[in-house]
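Structure data follow from model07.csv (CSV, C-alpha atoms):
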chain,number,residue,atom,x,y,z
A,24,MET,CA,-1.5,-7.3,30.8
A,25,LYS,CA,-4.0,-5.2,32.8
A,26,PHE,CA,-1.8,-3.7,35.5
A,27,CYS,CA,1.6,-2.1,35.7
A,28,SER,CA,4.1,-4.5,37.2
A,29,ALA,CA,6.2,-1.6,38.5
A,30,CYS,CA,3.5,0.4,40.4
A,31,GLY,CA,0.2,-1.6,40.3
A,32,LEU,CA,-1.9,1.0,38.5
A,33,SER,CA,-4.0,0.1,35.3
A,34,VAL,CA,-2.1,0.1,32.0
A,35,THR,CA,-3.5,1.3,28.7
A,36,ARG,CA,-2.4,0.2,25.2
A,37,SER,CA,-1.1,3.1,23.2
A,38,VAL,CA,1.8,4.1,20.9
A,39,PRO,CA,4.4,5.8,23.1
A,40,PRO,CA,6.0,9.1,21.8
A,41,GLY,CA,8.7,8.3,19.3
A,42,ASP,CA,7.6,4.7,18.9
A,43,ASN,CA,5.6,3.2,16.1
A,44,ARG,CA,3.6,0.4,17.7
A,45,PRO,CA,1.2,0.0,20.6
A,46,ARG,CA,2.6,-1.0,24.0
A,47,TYR,CA,1.2,-1.4,27.4
A,48,CYS,CA,1.9,2.0,29.1
A,49,CYS,CA,1.4,3.1,32.7
A,50,ALA,CA,0.2,6.7,33.0
A,51,GLY,CA,1.0,6.6,36.7
A,52,CYS,CA,4.8,5.8,36.7
A,53,GLY,CA,5.5,6.2,33.0
A,54,THR,CA,6.8,2.6,32.5
A,55,ILE,CA,6.4,1.2,29.0
A,56,HIS,CA,6.0,-2.6,29.1
A,57,TYR,CA,7.7,-4.0,26.0
A,58,GLN,CA,6.8,-7.6,25.0
A,59,ASN,CA,9.2,-9.6,22.8
A,60,PRO,CA,9.4,-13.1,21.3
A,61,LYS,CA,10.7,-16.0,23.4
A,62,MET,CA,13.3,-18.6,22.5
A,63,VAL,CA,12.6,-22.3,22.7
A,64,VAL,CA,15.9,-24.2,22.9
A,65,GLY,CA,16.5,-27.9,22.5
A,66,THR,CA,18.7,-30.7,21.1
A,67,ILE,CA,18.7,-33.5,18.6
A,68,PRO,CA,20.3,-36.2,21.0
A,69,VAL,CA,22.0,-38.9,18.9
A,70,TRP,CA,23.1,-42.4,20.0
A,71,GLY,CA,24.6,-44.3,17.1
A,72,SER,CA,22.0,-44.3,14.3
A,73,LYS,CA,19.2,-43.4,16.7
A,74,VAL,CA,17.6,-40.1,17.9
A,75,LEU,CA,16.1,-39.6,21.4
A,76,LEU,CA,12.5,-38.3,21.6
A,77,CYS,CA,10.4,-37.6,24.6
A,78,ARG,CA,6.6,-38.1,24.9
A,79,ARG,CA,5.0,-35.1,26.5
A,80,ALA,CA,3.3,-35.4,29.9
A,81,ILE,CA,2.1,-31.7,29.7
A,82,GLU,CA,-0.1,-29.5,27.5
A,83,PRO,CA,0.1,-28.4,24.8
A,84,ARG,CA,0.3,-31.6,22.8
A,85,TYR,CA,0.1,-34.0,25.8
A,86,GLY,CA,1.0,-37.5,24.6
A,87,PHE,CA,2.8,-36.4,21.4
A,88,TRP,CA,6.5,-37.0,20.8
A,89,THR,CA,9.1,-34.2,20.7
A,90,LEU,CA,12.8,-33.5,20.7
A,91,PRO,CA,13.7,-32.3,24.2
A,92,ALA,CA,13.2,-28.5,24.2
A,93,SER,CA,11.6,-25.7,26.1
A,94,PHE,CA,11.9,-22.0,27.0
A,95,MET,CA,15.4,-20.5,27.4
A,96,GLU,CA,15.9,-19.1,30.9
A,97,ASN,CA,17.5,-15.8,31.9
A,98,GLY,CA,21.2,-16.1,32.7
A,99,GLU,CA,22.0,-19.0,30.4
A,100,THR,CA,23.3,-19.3,26.9
A,101,THR,CA,21.2,-21.0,24.1
A,102,GLY,CA,23.5,-24.0,24.3
A,103,GLU,CA,23.3,-24.3,28.1
A,104,GLY,CA,19.5,-24.0,27.9
A,105,ALA,CA,19.3,-26.8,25.3
A,106,THR,CA,21.5,-29.0,27.4
A,107,ARG,CA,19.5,-28.2,30.5
A,108,GLU,CA,16.2,-29.0,28.8
A,109,THR,CA,17.6,-32.3,27.5
A,110,SER,CA,18.6,-33.2,31.1
A,111,GLU,CA,15.2,-32.0,32.6
A,112,GLU,CA,12.9,-33.6,30.0
A,113,ALA,CA,14.8,-36.8,29.2
A,114,GLY,CA,17.2,-37.2,32.1
A,115,ALA,CA,19.8,-37.5,29.4
A,116,ARG,CA,23.5,-36.5,29.5
A,117,THR,CA,24.7,-35.0,26.3
A,118,GLU,CA,27.8,-33.4,24.8
A,119,LEU,CA,26.5,-30.3,22.9
A,120,GLY,CA,27.3,-30.0,19.2
A,121,GLU,CA,26.7,-27.2,16.7
A,122,LEU,CA,23.6,-25.0,16.4
A,123,TYR,CA,21.6,-26.9,13.7
A,124,SER,CA,18.2,-25.2,13.1
A,125,VAL,CA,16.6,-21.8,13.8
A,126,ILE,CA,12.9,-21.7,13.0
A,127,ASP,CA,10.7,-18.6,13.4
A,128,VAL,CA,7.2,-19.2,14.6
A,129,PRO,CA,5.8,-15.6,14.6
A,130,HIS,CA,2.2,-16.4,15.3
A,131,VAL,CA,3.1,-17.8,18.7
A,132,GLU,CA,5.9,-15.2,19.2
A,133,GLN,CA,8.7,-17.8,19.4
A,134,VAL,CA,11.9,-18.7,17.7
A,135,HIS,CA,13.0,-22.4,18.1
A,136,LEU,CA,16.7,-23.3,18.1
A,137,PHE,CA,17.9,-26.9,18.0
A,138,PHE,CA,21.5,-28.0,18.6
A,139,ARG,CA,23.0,-31.3,17.5
A,140,ALA,CA,24.1,-33.3,20.6
A,141,ARG,CA,25.8,-36.6,21.3
A,142,LEU,CA,24.3,-38.8,24.1
A,143,LEU,CA,26.9,-39.9,26.6
A,144,ASP,CA,24.9,-43.0,27.7
A,145,THR,CA,21.4,-44.5,27.5
A,146,ASP,CA,20.4,-44.2,31.1
A,147,PHE,CA,17.5,-41.9,30.6
A,148,ASP,CA,15.3,-40.7,33.4
A,149,PRO,CA,12.4,-38.7,32.0
A,150,GLY,CA,11.4,-35.8,34.2
A,151,PRO,CA,7.8,-34.9,35.2
A,152,GLU,CA,7.2,-33.2,31.9
A,153,SER,CA,7.7,-36.4,29.9
A,154,LEU,CA,5.8,-39.7,29.9
A,155,GLU,CA,8.8,-41.5,28.4
A,156,ALA,CA,12.0,-41.1,26.6
A,157,LYS,CA,13.0,-43.5,23.8
A,158,LEU,CA,15.5,-43.9,21.0
A,159,PHE,CA,14.2,-44.1,17.4
A,160,ASP,CA,15.9,-45.1,14.2
A,161,GLU,CA,14.8,-43.0,11.2
A,162,HIS,CA,12.2,-45.5,10.0
A,163,GLU,CA,10.7,-45.7,13.5
A,164,ILE,CA,10.1,-42.0,13.9
A,165,PRO,CA,6.4,-41.4,14.8
A,166,TRP,CA,6.0,-38.7,12.2
A,167,ASP,CA,2.2,-38.4,12.6
A,168,ASP,CA,2.5,-38.2,16.4
A,169,LEU,CA,5.2,-35.4,16.6
A,170,ALA,CA,4.2,-32.5,18.9
A,171,PHE,CA,5.4,-29.5,16.9
A,172,ARG,CA,6.2,-28.6,13.3
A,173,THR,CA,9.6,-27.2,14.3
A,174,VAL,CA,10.5,-30.7,15.6
A,175,SER,CA,9.3,-32.5,12.4
A,176,GLN,CA,11.1,-30.0,10.2
A,177,THR,CA,14.3,-30.3,12.2
A,178,LEU,CA,14.2,-34.1,12.1
A,179,ARG,CA,13.6,-34.1,8.3
A,180,TRP,CA,16.6,-31.8,7.8
A,181,PHE,CA,18.7,-34.0,10.1
A,182,PHE,CA,18.0,-37.3,8.4
A,183,ALA,CA,18.5,-35.7,4.9
A,184,ASP,CA,21.8,-34.2,6.0
A,185,ARG,CA,23.0,-37.4,7.5
A,186,GLU,CA,22.2,-39.2,4.3
A,187,GLN,CA,24.3,-36.7,2.5
A,188,GLY,CA,27.1,-36.9,5.1
A,189,ARG,CA,27.2,-33.2,5.9
A,190,PHE,CA,25.4,-31.0,8.4
A,191,GLY,CA,24.9,-27.3,8.1
A,192,LEU,CA,22.7,-24.7,9.7
A,193,HIS,CA,19.0,-24.7,8.6
A,194,THR,CA,16.6,-21.8,9.0
A,195,SER,CA,13.0,-21.3,8.1
A,196,ALA,CA,9.7,-19.7,9.3
A,197,ILE,CA,6.6,-21.6,10.1
A,198,HIS,CA,3.3,-19.7,9.7
A,199,TYR,CA,-0.1,-20.3,11.1
A,200,THR,CA,-2.2,-22.8,9.2
A,201,PRO,CA,-5.6,-23.9,10.6
A,202,LYS,CA,-5.6,-27.6,11.4
A,203,PRO,CA,-7.8,-29.8,9.0
A,204,ARG,CA,-9.2,-31.6,12.1
A,205,GLU,CA,-8.6,-31.5,15.8
A,206,ALA,CA,-5.6,-33.8,16.3
A,207,GLN,CA,-5.9,-36.5,19.0
A,208,PRO,CA,-3.0,-37.7,21.1
A,209,PRO,CA,-1.5,-41.0,19.9
A,210,LYS,CA,-2.4,-44.3,21.7
A,211,ALA,CA,0.2,-45.3,24.2
B,184,MET,CA,8.5,-6.6,39.0
B,185,LYS,CA,6.5,-5.6,42.1
B,186,PHE,CA,2.8,-6.1,41.1
B,187,CYS,CA,0.9,-8.7,39.2
B,188,SER,CA,0.2,-7.5,35.7
B,189,ALA,CA,-3.0,-9.7,35.6
B,190,CYS,CA,-4.7,-8.6,38.8
B,191,GLY,CA,-2.6,-5.8,40.3
B,192,LEU,CA,-1.8,-7.4,43.7
B,193,SER,CA,1.8,-7.6,45.0
B,194,VAL,CA,3.9,-10.4,43.7
B,195,THR,CA,6.5,-12.4,45.7
B,196,ARG,CA,9.5,-14.2,44.4
B,197,SER,CA,9.4,-17.9,45.1
B,198,VAL,CA,9.9,-21.3,43.4
B,199,PRO,CA,6.5,-22.5,42.1
B,200,PRO,CA,5.5,-26.2,42.8
B,201,GLY,CA,7.2,-28.4,40.2
B,202,ASP,CA,9.6,-25.7,39.1
B,203,ASN,CA,13.3,-25.4,40.0
B,204,ARG,CA,13.9,-21.7,40.0
B,205,PRO,CA,12.4,-18.6,41.6
B,206,ARG,CA,9.7,-16.7,39.6
B,207,TYR,CA,7.5,-13.7,40.4
B,208,CYS,CA,4.3,-15.3,41.7
B,209,CYS,CA,0.9,-13.8,42.5
B,210,ALA,CA,-0.8,-15.3,45.5
B,211,GLY,CA,-4.0,-13.5,44.5
B,212,CYS,CA,-4.8,-14.9,41.1
B,213,GLY,CA,-2.1,-17.6,40.9
B,214,THR,CA,-0.3,-16.2,37.8
B,215,ILE,CA,3.4,-17.1,37.5
B,216,HIS,CA,5.3,-14.4,35.6
B,217,TYR,CA,8.1,-16.0,33.6
B,218,GLN,CA,10.9,-13.9,32.4
B,219,ASN,CA,13.0,-15.0,29.4
B,220,PRO,CA,15.9,-13.7,27.3
B,221,LYS,CA,15.3,-11.3,24.4
B,222,MET,CA,16.6,-11.4,20.9
B,223,VAL,CA,18.4,-8.5,19.3
B,224,VAL,CA,18.3,-8.8,15.5
B,225,GLY,CA,20.2,-6.8,12.9
B,226,THR,CA,22.1,-6.9,9.6
B,227,ILE,CA,25.6,-6.5,8.1
B,228,PRO,CA,24.5,-4.2,5.2
B,229,VAL,CA,27.0,-4.4,2.4
B,230,TRP,CA,27.6,-2.1,-0.6
B,231,GLY,CA,30.5,-3.3,-2.7
B,232,SER,CA,33.5,-3.5,-0.4
B,233,LYS,CA,31.9,-1.3,2.3
B,234,VAL,CA,29.7,-2.0,5.3
B,235,LEU,CA,27.1,0.3,6.7
B,236,LEU,CA,27.3,1.4,10.3
B,237,CYS,CA,25.1,3.7,12.4
B,238,ARG,CA,26.2,6.1,15.1
B,239,ARG,CA,23.9,5.8,18.1
B,240,ALA,CA,21.8,8.8,19.1
B,241,ILE,CA,20.5,6.9,22.2
B,242,GLU,CA,21.8,5.3,25.3
B,243,PRO,CA,23.3,2.9,26.0
B,244,ARG,CA,26.5,3.8,24.1
B,245,TYR,CA,25.4,7.2,22.7
B,246,GLY,CA,27.8,8.3,20.1
B,247,PHE,CA,29.3,4.9,19.4
B,248,TRP,CA,29.0,3.1,16.1
B,249,THR,CA,27.0,-0.1,15.6
B,250,LEU,CA,25.5,-2.4,13.0
B,251,PRO,CA,21.8,-1.6,12.7
B,252,ALA,CA,20.1,-3.9,15.2
B,253,SER,CA,17.6,-3.8,18.1
B,254,PHE,CA,15.0,-5.8,19.9
B,255,MET,CA,12.9,-8.3,17.8
B,256,GLU,CA,9.2,-7.5,18.1
B,257,ASN,CA,6.2,-9.9,18.5
B,258,GLY,CA,4.6,-11.1,15.3
B,259,GLU,CA,7.7,-10.9,13.1
B,260,THR,CA,10.4,-13.3,12.0
B,261,THR,CA,14.1,-12.8,13.0
B,262,GLY,CA,14.8,-11.8,9.4
B,263,GLU,CA,11.9,-9.4,9.2
B,264,GLY,CA,13.0,-7.8,12.4
B,265,ALA,CA,16.6,-7.4,11.1
B,266,THR,CA,15.3,-5.8,7.9
B,267,ARG,CA,13.0,-3.5,9.9
B,268,GLU,CA,15.7,-2.3,12.2
B,269,THR,CA,18.0,-1.6,9.3
B,270,SER,CA,15.3,0.5,7.8
B,271,GLU,CA,14.4,2.3,11.1
B,272,GLU,CA,18.0,3.0,12.2
B,273,ALA,CA,19.7,3.7,8.9
B,274,GLY,CA,16.8,4.4,6.6
B,275,ALA,CA,18.4,1.8,4.4
B,276,ARG,CA,16.7,-0.6,2.0
B,277,THR,CA,18.2,-4.1,2.0
B,278,GLU,CA,17.9,-7.6,0.5
B,279,LEU,CA,18.2,-10.0,3.4
B,280,GLY,CA,20.8,-12.7,3.2
B,281,GLU,CA,21.7,-15.7,5.4
B,282,LEU,CA,21.8,-15.8,9.2
B,283,TYR,CA,25.4,-15.1,9.9
B,284,SER,CA,26.1,-14.8,13.7
B,285,VAL,CA,24.3,-15.9,16.9
B,286,ILE,CA,25.9,-14.6,20.0
B,287,ASP,CA,24.7,-15.3,23.5
B,288,VAL,CA,25.1,-12.4,26.0
B,289,PRO,CA,23.7,-14.1,29.2
B,290,HIS,CA,24.6,-11.4,31.7
B,291,VAL,CA,22.2,-9.0,29.9
B,292,GLU,CA,19.7,-11.8,29.1
B,293,GLN,CA,20.0,-11.3,25.3
B,294,VAL,CA,20.9,-13.3,22.2
B,295,HIS,CA,22.1,-11.2,19.3
B,296,LEU,CA,21.5,-12.5,15.7
B,297,PHE,CA,23.0,-10.8,12.6
B,298,PHE,CA,22.1,-11.5,9.0
B,299,ARG,CA,24.1,-10.7,6.0
B,300,ALA,CA,22.3,-8.1,3.8
B,301,ARG,CA,22.8,-6.4,0.5
B,302,LEU,CA,22.1,-2.6,0.3
B,303,LEU,CA,19.8,-1.8,-2.6
B,304,ASP,CA,21.0,1.8,-2.8
B,305,THR,CA,23.0,4.4,-0.8
B,306,ASP,CA,20.1,6.8,-0.1
B,307,PHE,CA,20.3,6.4,3.7
B,308,ASP,CA,18.0,8.4,6.0
B,309,PRO,CA,19.0,7.7,9.6
B,310,GLY,CA,16.1,7.6,12.0
B,311,PRO,CA,15.8,9.3,15.4
B,312,GLU,CA,17.9,6.6,17.1
B,313,SER,CA,21.0,7.3,14.9
B,314,LEU,CA,23.2,10.4,14.6
B,315,GLU,CA,24.4,9.3,11.2
B,316,ALA,CA,24.7,6.3,8.9
B,317,LYS,CA,27.9,5.8,6.9
B,318,LEU,CA,29.7,3.2,4.7
B,319,PHE,CA,33.1,1.9,5.9
B,320,ASP,CA,35.8,0.0,4.1
B,321,GLU,CA,37.5,-2.6,6.4
B,322,HIS,CA,40.5,-0.4,7.1
B,323,GLU,CA,38.2,2.5,8.0
B,324,ILE,CA,36.1,0.6,10.7
B,325,PRO,CA,36.2,2.6,13.9
B,326,TRP,CA,37.1,-0.5,16.0
B,327,ASP,CA,37.7,1.4,19.2
B,328,ASP,CA,34.4,3.3,18.9
B,329,LEU,CA,32.1,0.3,18.3
B,330,ALA,CA,29.1,0.2,20.6
B,331,PHE,CA,28.9,-3.5,21.4
B,332,ARG,CA,31.2,-6.5,21.5
B,333,THR,CA,28.6,-8.6,19.5
B,334,VAL,CA,29.1,-6.0,16.7
B,335,SER,CA,32.9,-6.0,16.7
B,336,GLN,CA,32.9,-9.8,16.9
B,337,THR,CA,30.5,-10.1,14.0
B,338,LEU,CA,32.5,-7.6,11.9
B,339,ARG,CA,35.8,-9.5,12.6
B,340,TRP,CA,34.2,-12.8,11.5
B,341,PHE,CA,32.7,-11.1,8.4
B,342,PHE,CA,36.0,-9.6,7.2
B,343,ALA,CA,37.9,-12.8,7.9
B,344,ASP,CA,35.3,-14.8,6.0
B,345,ARG,CA,35.3,-12.4,3.1
B,346,GLU,CA,39.1,-12.7,2.9
B,347,GLN,CA,38.7,-16.5,2.6
B,348,GLY,CA,35.9,-16.2,0.1
B,349,ARG,CA,33.3,-18.2,2.1
B,350,PHE,CA,30.7,-17.3,4.7
B,351,GLY,CA,29.3,-19.6,7.3
B,352,LEU,CA,27.3,-19.3,10.5
B,353,HIS,CA,29.3,-18.2,13.5
B,354,THR,CA,28.3,-18.7,17.1
B,355,SER,CA,29.8,-17.6,20.4
B,356,ALA,CA,29.0,-16.4,23.9
B,357,ILE,CA,30.2,-13.1,25.4
B,358,HIS,CA,30.4,-13.0,29.2
B,359,TYR,CA,30.6,-10.1,31.5
B,360,THR,CA,34.0,-8.6,32.0
B,361,PRO,CA,34.4,-5.4,34.0
B,362,LYS,CA,35.6,-2.5,31.9
B,363,PRO,CA,39.2,-1.3,32.6
B,364,ARG,CA,38.0,2.3,32.6
B,365,GLU,CA,34.7,4.0,31.9
B,366,ALA,CA,34.6,4.4,28.1
B,367,GLN,CA,33.9,7.8,26.7
B,368,PRO,CA,31.9,8.4,23.5
B,369,PRO,CA,34.1,9.2,20.5
B,370,LYS,CA,34.5,12.7,19.3
B,371,ALA,CA,32.2,13.6,16.4

Spell out the structure here as structure tokens.
Amino acid sequence: MKFCSACGLSVTRSVPPGDNRPRYCCAGCGTIHYQNPKMVVGTIPVWGSKVLLCRRAIEPRYGFWTLPASFMENGETTGEGATRETSEEAGARTELGELYSVIDVPHVEQVHLFFRARLLDTDFDPGPESLEAKLFDEHEIPWDDLAFRTVSQTLRWFFADREQGRFGLHTSAIHYTPKPREAQPPKA
Amino acid sequence: MKFCSACGLSVTRSVPPGDNRPRYCCAGCGTIHYQNPKMVVGTIPVWGSKVLLCRRAIEPRYGFWTLPASFMENGETTGEGATRETSEEAGARTELGELYSVIDVPHVEQVHLFFRARLLDTDFDPGPESLEAKLFDEHEIPWDDLAFRTVSQTLRWFFADREQGRFGLHTSAIHYTPKPREAQPPKA
């Protein structure tokens, strides 16, 4: 942020009076521009024993597999956002279930929320953000080719809970760890 | 938003190519300015049978009582934010418990998350955003003078769960309803 979105003048980064952390402040009109974490909302879409994954057609993580999820939009609920993303990314119709995982990812200023969901049919129609959408049994999950750690963590919880026959809310935080090597997208 | 925060030119509101909803777009540098819901994070601080509430020294809802909570900041987890707000608003030291309620408030583009928390002592020191911080037994809760519906809903769940002897995650959505009359702050 270089310019004030309210008046167009340059902003400076300073701690406003009464605050305790630096913000982008406009000396012209006095606006303080707060920046806050974003929510990524998605589903674990289930059909019988299988889970629906999408292969990403966009960066970051082009070509890797993910649960359908993306940024929550203004004016919707977390559940509505999760259902919308499932429709947009996989072209899948779902009946929303319970909130299942809430994972903090502070180094990218995000919180990821996944809901359980029941697929209403298998007529998928992946949108422009997905190369394909496909159902996987647990033993078929491409663990090494999953796009995000919040997705792999949520799937691990899901299969463990299903084994136990009971599902409950799971929460955790994922912190930055440097990658051992630059990951390559999986072969199609 | 009137001006691009990246280059300072005027923005226009239009649907970007490949998108399906209007965004603030800059024709000068091409930046698309996405706007997303914010998280409000807080705690239900418990001391024996009592719950800690703060009386607000700021708008909105000056003079009304609330659980300590405010906007989550970049770089922290939801739980860290909830603990920080409890410290800033009540001057209270807490041990964080489980995530307890997640309430969508789409008409103000917020999601409120409350964690259970155990007070470590009763040496409160309310910050500049609170007029006072005080412990309440269930029958003392000022139900008519609570600041926000997410707070009253969370407290109702909390006391009902405590009665049952078991606590679980609660989720709901609160939608806009016009107030029957303009509410007045409670007498001190």

Quick one: residues within 12 Å of Ser33 (chain A), all atoms listed in the file, excluding same-chain residues fewer than 4 positions away - as a PyMOL selection string? (chain A and resi 24-29+47-54) or (chain B and resi 186-192)

Point out the residue among A:Leu154, A:Leu122, A:Ala80, A:Leu169 with the least atom-to-atom distance to chain B, counting all atoms listed in the file.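 Closest to chain B of all the choices is A:Leu122.
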
Which value, in Å to one decimal, gives the distance between CA of Phe331 (chain B) and CA of Thr249 (chain B)?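 These two atoms are separated by 7.0 Å.
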
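With CA of Asp320 (chain B) on one side and CA of Phe341 (chain B) on the other, the separation reads 12.3 Å.
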
Closest of B:Leu352, B:Leu279, B:Ala265, B:Leu318 to chain A - atom-to-atom distances counting all atoms listed in the file: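 Under the stated criterion, the closest residue is B:Leu352.
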
Can you pull out every residue within 10 Å of region 345-347 of chain B, counting all atoms listed in the file, but drop anything in the same chain fewer than 5 positions away, and send it as a list in words? Ser232, Arg339 and Trp340 of chain B

Could you check how far CA of Pro325 (chain B) sits from CA of Glu242 (chain B), in Å to one decimal?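 Atom-to-atom, CA of Pro325 (chain B) to CA of Glu242 (chain B), that is 18.6 Å.
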